[in-house]
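Chemist: Take this structure first; my questions come after.
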Protein chains: 2
Amino acid sequence: MEVEIKFRVNLEEVRKKIEALGAKFVREEIQEDLYFALPSKQLLRIRKIVNLNEVILGYKQIKDERNEEFDEIEVKVEDFEKMRIILRRLGFKEDVWVKKHRYVYKFGNVTFELNRVEKLGDFLDIEILADNIQEAKNRIWETARALGLSETDVEPRLYQEMTRELPKYVQKK
Amino acid sequence: MEVEIKFRVNLEEVRKKIEALGAKFVREEIQEDLYFALPSKQLLRIRKIVNLNEVILGYKQIKDERNEEFDEIEVKVEDFEKMRIILRRLGFKEDVWVKKHRYVYKFGNVTFELNRVEKLGDFLDIEILADNIQEAKNRIWETARALGLSETDVEPRLYQEMTRELPKYVQKK
């Protein structure tokens, strides 16, 4: 299970704190995600990692009410446009694009995904892959507090949802 | 457009004739295809090319009544089982497996796919990628006649259909 909590942050400030914790910088990704419209509690997207020249098809099931617990499967595919056409022909409708610049840090079993998301702002996803969900959440909160983050900084909405809530003329820009 | 006519053949006999035509051997593939149940006139499969360690997701639309004209999109994927789980979770039902040993030959713009298909027998698919369908069919028939094949050797059913028509206990073996 992927356990993840999303916080609204100031990217530069929180980056310094993450580095001060001793977390290791892993990689930078420029991600362009195309989401398809699926029944709620399910996500389907094709992710283009522009700077690494990778394409990943991802499917997630959301397991809780706060969008913190995910069952995720990802598979690399060779070509974004071909995958997009196959999904369209299979009847899936395109929903929204989410584009972000991501900086990934690791500290033990904790992954920090520091995201500058176009049109939405800066976010930090703190993530742990774990079977014991409560233990993972405790560890995430311990880490979050060490970064000065609290319950009021939590953003429970998915990037896909936040984008969908933008005015149409902003979405399309 | 993929234009293709399938003939029931004796593999060793027709292979000699293909080679005698001057066609060039291109590659050998051991294919294990998992087909999903889709409305008719559409095919969805994950193909494992065992000997080349490749996995390809393929989607086809059938454009005619004789299963000779296809609009095909294929994309390489990294992992068979992950792709399979994603399709299952998206609601697609597995239909049948088709396993075959394929020898590919090329002669100009004509591709010969000589297939020994488990449980079904030996087949030759003669294929041309073309926009002008009638011209492609003429060329396929010209080539087929040069190999001694005639209308009575044509097998209009898809491998997926032929497999589905086998008794269940044979399908599962």
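FYI, nothing fancy with the structure tokens labels: chains A, B, ... in order, residues from 1 per chain, ligands from 1 as they appear.
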Please report, as a ChimeraX atom specification, each residue of region 11-73 of chain B to which DSSP assigns alpha helix (DSSP H) when run on this structure's backbone.
Modeler: /B:11-21
Chemist: Show which residues sit within 10 Å of region 28-32 of chain A, as a list of chain:residue names. Count only C-alpha atoms, and ignore same-chain residues fewer than 5 positions away.
Modeler: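 That gives A:Arg45, A:Ile46, A:Arg47, A:Lys48, A:Ile49, A:Val50, A:Asn51, A:Leu52, A:Asn53, A:Glu54, A:Val55, A:Trp97, A:Val98, A:Lys99, A:Lys100, A:His101, A:Arg102, A:Tyr103, A:Val104, A:Tyr105, A:Glu113, A:Leu114, A:Asn115, A:Arg116, A:Val117.
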Chemist: Would you give me, as CSV, each residue of chain B having an atom within 10 Å of an atom of chain A, along with its shortest atom pair and that distance in Å to one decimal, using only C-alpha atoms and sorting by chain and residue number?
Modeler:
```
residue,atom,partner,partner_atom,distance
B:Leu38,CA,A:Leu90,CA,9.0
B:Gln42,CA,A:Leu90,CA,9.0
B:Leu43,CA,A:Leu90,CA,9.9
B:Leu44,CA,A:Leu90,CA,8.8
B:Val55,CA,A:Val77,CA,9.7
B:Ile56,CA,A:Val77,CA,9.1
B:Leu57,CA,A:Met83,CA,8.8
B:Gly58,CA,A:Ile86,CA,8.1
B:Tyr59,CA,A:Ile86,CA,6.4
B:Lys60,CA,A:Ile86,CA,9.1
B:Gln61,CA,A:Arg89,CA,9.0
B:Glu72,CA,A:Ile86,CA,9.4
B:Ile73,CA,A:Lys82,CA,6.7
B:Glu74,CA,A:Lys82,CA,7.0
B:Val75,CA,A:Lys82,CA,6.2
B:Lys76,CA,A:Glu78,CA,5.3
B:Val77,CA,A:Val77,CA,4.3
B:Glu78,CA,A:Lys76,CA,5.3
B:Asp79,CA,A:Val75,CA,6.5
B:Phe80,CA,A:Val75,CA,9.0
B:Glu81,CA,A:Val75,CA,9.4
B:Lys82,CA,A:Val75,CA,6.2
B:Met83,CA,A:Val75,CA,6.6
B:Ile85,CA,A:Ile73,CA,7.9
B:Ile86,CA,A:Tyr59,CA,6.4
B:Leu87,CA,A:Tyr59,CA,9.4
B:Arg89,CA,A:Tyr59,CA,8.4
B:Leu90,CA,A:Tyr59,CA,8.5
```
Chemist: Between B:Asp95, B:Glu19, B:Glu4, B:Asp131, which has the minimum distance to Val154 (chain B) (counting only C-alpha atoms)?
Modeler: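 Looking only at the distances to Val154 (chain B), the closest residue turns out to be B:Glu4.
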Chemist: Which is closest to Asp71 (chain A) among A:Ala136, A:Leu11, A:Glu2, A:Ile128, if we use only C-alpha atoms?
Modeler: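 The shortest atom-to-atom distance to Asp71 (chain A) comes from A:Glu2.
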Chemist: Might you pull out every residue within 12 Å of Trp141 (chain A), with only C-alpha atoms counted and same-chain residues fewer than 6 positions away left off, and present them as a list in words?
Modeler: Val3, Glu4, Ile5, Lys6, Phe7, Val110, Asp125, Ile126, Glu127, Ile128, Gln134, Glu135, Leu147, Gly148, Leu149, Ser150, Glu151, Asp153 and Val154 of chain A
Chemist: Per DSSP on the backbone, filter region 90-153 of chain A down to the residues in strand (DSSP E or B) and report them as a PDB file with N, CA and C atoms, in the first residue's frame.
Modeler:
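Listed below is the output, result-v2.pdb:
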```pdb
ATOM      1  N   GLU A  94     -10.552  11.660 -21.889  1.00  0.00           N
ATOM      2  CA  GLU A  94      -9.510  12.451 -21.249  1.00  0.00           C
ATOM      3  C   GLU A  94     -10.140  13.472 -20.311  1.00  0.00           C
ATOM      4  N   ASP A  95      -9.532  13.634 -19.132  1.00  0.00           N
ATOM      5  CA  ASP A  95     -10.084  14.547 -18.143  1.00  0.00           C
ATOM      6  C   ASP A  95      -9.224  15.815 -18.070  1.00  0.00           C
ATOM      7  N   VAL A  96      -8.096  15.768 -17.372  1.00  0.00           N
ATOM      8  CA  VAL A  96      -7.249  16.961 -17.230  1.00  0.00           C
ATOM      9  C   VAL A  96      -5.769  16.594 -17.327  1.00  0.00           C
ATOM     10  N   TRP A  97      -4.974  17.628 -17.624  1.00  0.00           N
ATOM     11  CA  TRP A  97      -3.514  17.526 -17.558  1.00  0.00           C
ATOM     12  C   TRP A  97      -3.053  18.111 -16.232  1.00  0.00           C
ATOM     13  N   VAL A  98      -2.086  17.456 -15.609  1.00  0.00           N
ATOM     14  CA  VAL A  98      -1.413  18.025 -14.440  1.00  0.00           C
ATOM     15  C   VAL A  98       0.076  18.051 -14.760  1.00  0.00           C
ATOM     16  N   LYS A  99       0.659  19.253 -14.723  1.00  0.00           N
ATOM     17  CA  LYS A  99       2.081  19.377 -15.064  1.00  0.00           C
ATOM     18  C   LYS A  99       2.838  19.886 -13.849  1.00  0.00           C
ATOM     19  N   LYS A 100       3.930  19.211 -13.538  1.00  0.00           N
ATOM     20  CA  LYS A 100       4.667  19.639 -12.361  1.00  0.00           C
ATOM     21  C   LYS A 100       6.155  19.378 -12.487  1.00  0.00           C
ATOM     22  N   HIS A 101       6.869  20.123 -11.681  1.00  0.00           N
ATOM     23  CA  HIS A 101       8.296  19.949 -11.535  1.00  0.00           C
ATOM     24  C   HIS A 101       8.480  19.291 -10.172  1.00  0.00           C
ATOM     25  N   ARG A 102       9.071  18.127 -10.141  1.00  0.00           N
ATOM     26  CA  ARG A 102       9.166  17.367  -8.888  1.00  0.00           C
ATOM     27  C   ARG A 102      10.620  17.152  -8.476  1.00  0.00           C
ATOM     28  N   TYR A 103      10.876  17.362  -7.186  1.00  0.00           N
ATOM     29  CA  TYR A 103      12.182  17.060  -6.596  1.00  0.00           C
ATOM     30  C   TYR A 103      11.954  15.949  -5.589  1.00  0.00           C
ATOM     31  N   VAL A 104      12.664  14.839  -5.779  1.00  0.00           N
ATOM     32  CA  VAL A 104      12.458  13.685  -4.898  1.00  0.00           C
ATOM     33  C   VAL A 104      13.626  13.558  -3.923  1.00  0.00           C
ATOM     34  N   TYR A 105      13.271  13.427  -2.632  1.00  0.00           N
ATOM     35  CA  TYR A 105      14.258  13.195  -1.573  1.00  0.00           C
ATOM     36  C   TYR A 105      13.888  11.916  -0.838  1.00  0.00           C
ATOM     37  N   LYS A 106      14.888  11.261  -0.261  1.00  0.00           N
ATOM     38  CA  LYS A 106      14.644  10.047   0.523  1.00  0.00           C
ATOM     39  C   LYS A 106      15.294  10.194   1.895  1.00  0.00           C
ATOM     40  N   PHE A 107      14.576   9.699   2.909  1.00  0.00           N
ATOM     41  CA  PHE A 107      15.138   9.678   4.252  1.00  0.00           C
ATOM     42  C   PHE A 107      14.651   8.386   4.879  1.00  0.00           C
ATOM     43  N   VAL A 110      11.132   6.928   4.128  1.00  0.00           N
ATOM     44  CA  VAL A 110      10.235   8.040   3.806  1.00  0.00           C
ATOM     45  C   VAL A 110      10.677   8.694   2.495  1.00  0.00           C
ATOM     46  N   THR A 111       9.711   8.885   1.583  1.00  0.00           N
ATOM     47  CA  THR A 111      10.001   9.597   0.339  1.00  0.00           C
ATOM     48  C   THR A 111       9.329  10.963   0.378  1.00  0.00           C
ATOM     49  N   PHE A 112      10.100  11.995   0.044  1.00  0.00           N
ATOM     50  CA  PHE A 112       9.557  13.346  -0.061  1.00  0.00           C
ATOM     51  C   PHE A 112       9.421  13.689  -1.537  1.00  0.00           C
ATOM     52  N   GLU A 113       8.222  14.032  -1.963  1.00  0.00           N
ATOM     53  CA  GLU A 113       8.036  14.502  -3.330  1.00  0.00           C
ATOM     54  C   GLU A 113       7.632  15.968  -3.250  1.00  0.00           C
ATOM     55  N   LEU A 114       8.582  16.809  -3.584  1.00  0.00           N
ATOM     56  CA  LEU A 114       8.378  18.246  -3.487  1.00  0.00           C
ATOM     57  C   LEU A 114       7.967  18.717  -4.874  1.00  0.00           C
ATOM     58  N   ASN A 115       6.725  19.213  -4.988  1.00  0.00           N
ATOM     59  CA  ASN A 115       6.144  19.481  -6.303  1.00  0.00           C
ATOM     60  C   ASN A 115       5.807  20.952  -6.511  1.00  0.00           C
ATOM     61  N   ARG A 116       6.267  21.476  -7.619  1.00  0.00           N
ATOM     62  CA  ARG A 116       5.789  22.798  -8.061  1.00  0.00           C
ATOM     63  C   ARG A 116       4.819  22.517  -9.198  1.00  0.00           C
ATOM     64  N   VAL A 117       3.513  22.664  -8.901  1.00  0.00           N
ATOM     65  CA  VAL A 117       2.489  22.231  -9.847  1.00  0.00           C
ATOM     66  C   VAL A 117       1.945  23.435 -10.601  1.00  0.00           C
ATOM     67  N   GLY A 121       0.300  25.512  -7.507  1.00  0.00           N
ATOM     68  CA  GLY A 121       1.187  25.938  -6.437  1.00  0.00           C
ATOM     69  C   GLY A 121       2.172  24.858  -6.006  1.00  0.00           C
ATOM     70  N   ASP A 122       2.700  25.023  -4.796  1.00  0.00           N
ATOM     71  CA  ASP A 122       3.744  24.122  -4.291  1.00  0.00           C
ATOM     72  C   ASP A 122       3.165  23.161  -3.263  1.00  0.00           C
ATOM     73  N   PHE A 123       3.586  21.922  -3.361  1.00  0.00           N
ATOM     74  CA  PHE A 123       3.085  20.882  -2.461  1.00  0.00           C
ATOM     75  C   PHE A 123       4.215  19.936  -2.081  1.00  0.00           C
ATOM     76  N   LEU A 124       4.063  19.367  -0.898  1.00  0.00           N
ATOM     77  CA  LEU A 124       4.965  18.291  -0.491  1.00  0.00           C
ATOM     78  C   LEU A 124       4.134  17.042  -0.222  1.00  0.00           C
ATOM     79  N   ASP A 125       4.423  15.975  -0.947  1.00  0.00           N
ATOM     80  CA  ASP A 125       3.820  14.674  -0.650  1.00  0.00           C
ATOM     81  C   ASP A 125       4.827  13.876   0.167  1.00  0.00           C
ATOM     82  N   ILE A 126       4.422  13.474   1.364  1.00  0.00           N
ATOM     83  CA  ILE A 126       5.292  12.598   2.155  1.00  0.00           C
ATOM     84  C   ILE A 126       4.718  11.200   2.042  1.00  0.00           C
ATOM     85  N   GLU A 127       5.549  10.268   1.613  1.00  0.00           N
ATOM     86  CA  GLU A 127       5.051   8.940   1.220  1.00  0.00           C
ATOM     87  C   GLU A 127       5.858   7.808   1.828  1.00  0.00           C
ATOM     88  N   ILE A 128       5.120   6.761   2.214  1.00  0.00           N
ATOM     89  CA  ILE A 128       5.761   5.521   2.686  1.00  0.00           C
ATOM     90  C   ILE A 128       5.040   4.342   2.044  1.00  0.00           C
ATOM     91  N   LEU A 129       5.788   3.371   1.546  1.00  0.00           N
ATOM     92  CA  LEU A 129       5.190   2.115   1.088  1.00  0.00           C
ATOM     93  C   LEU A 129       5.161   1.164   2.277  1.00  0.00           C
TER      94      LEU A 129
END
```
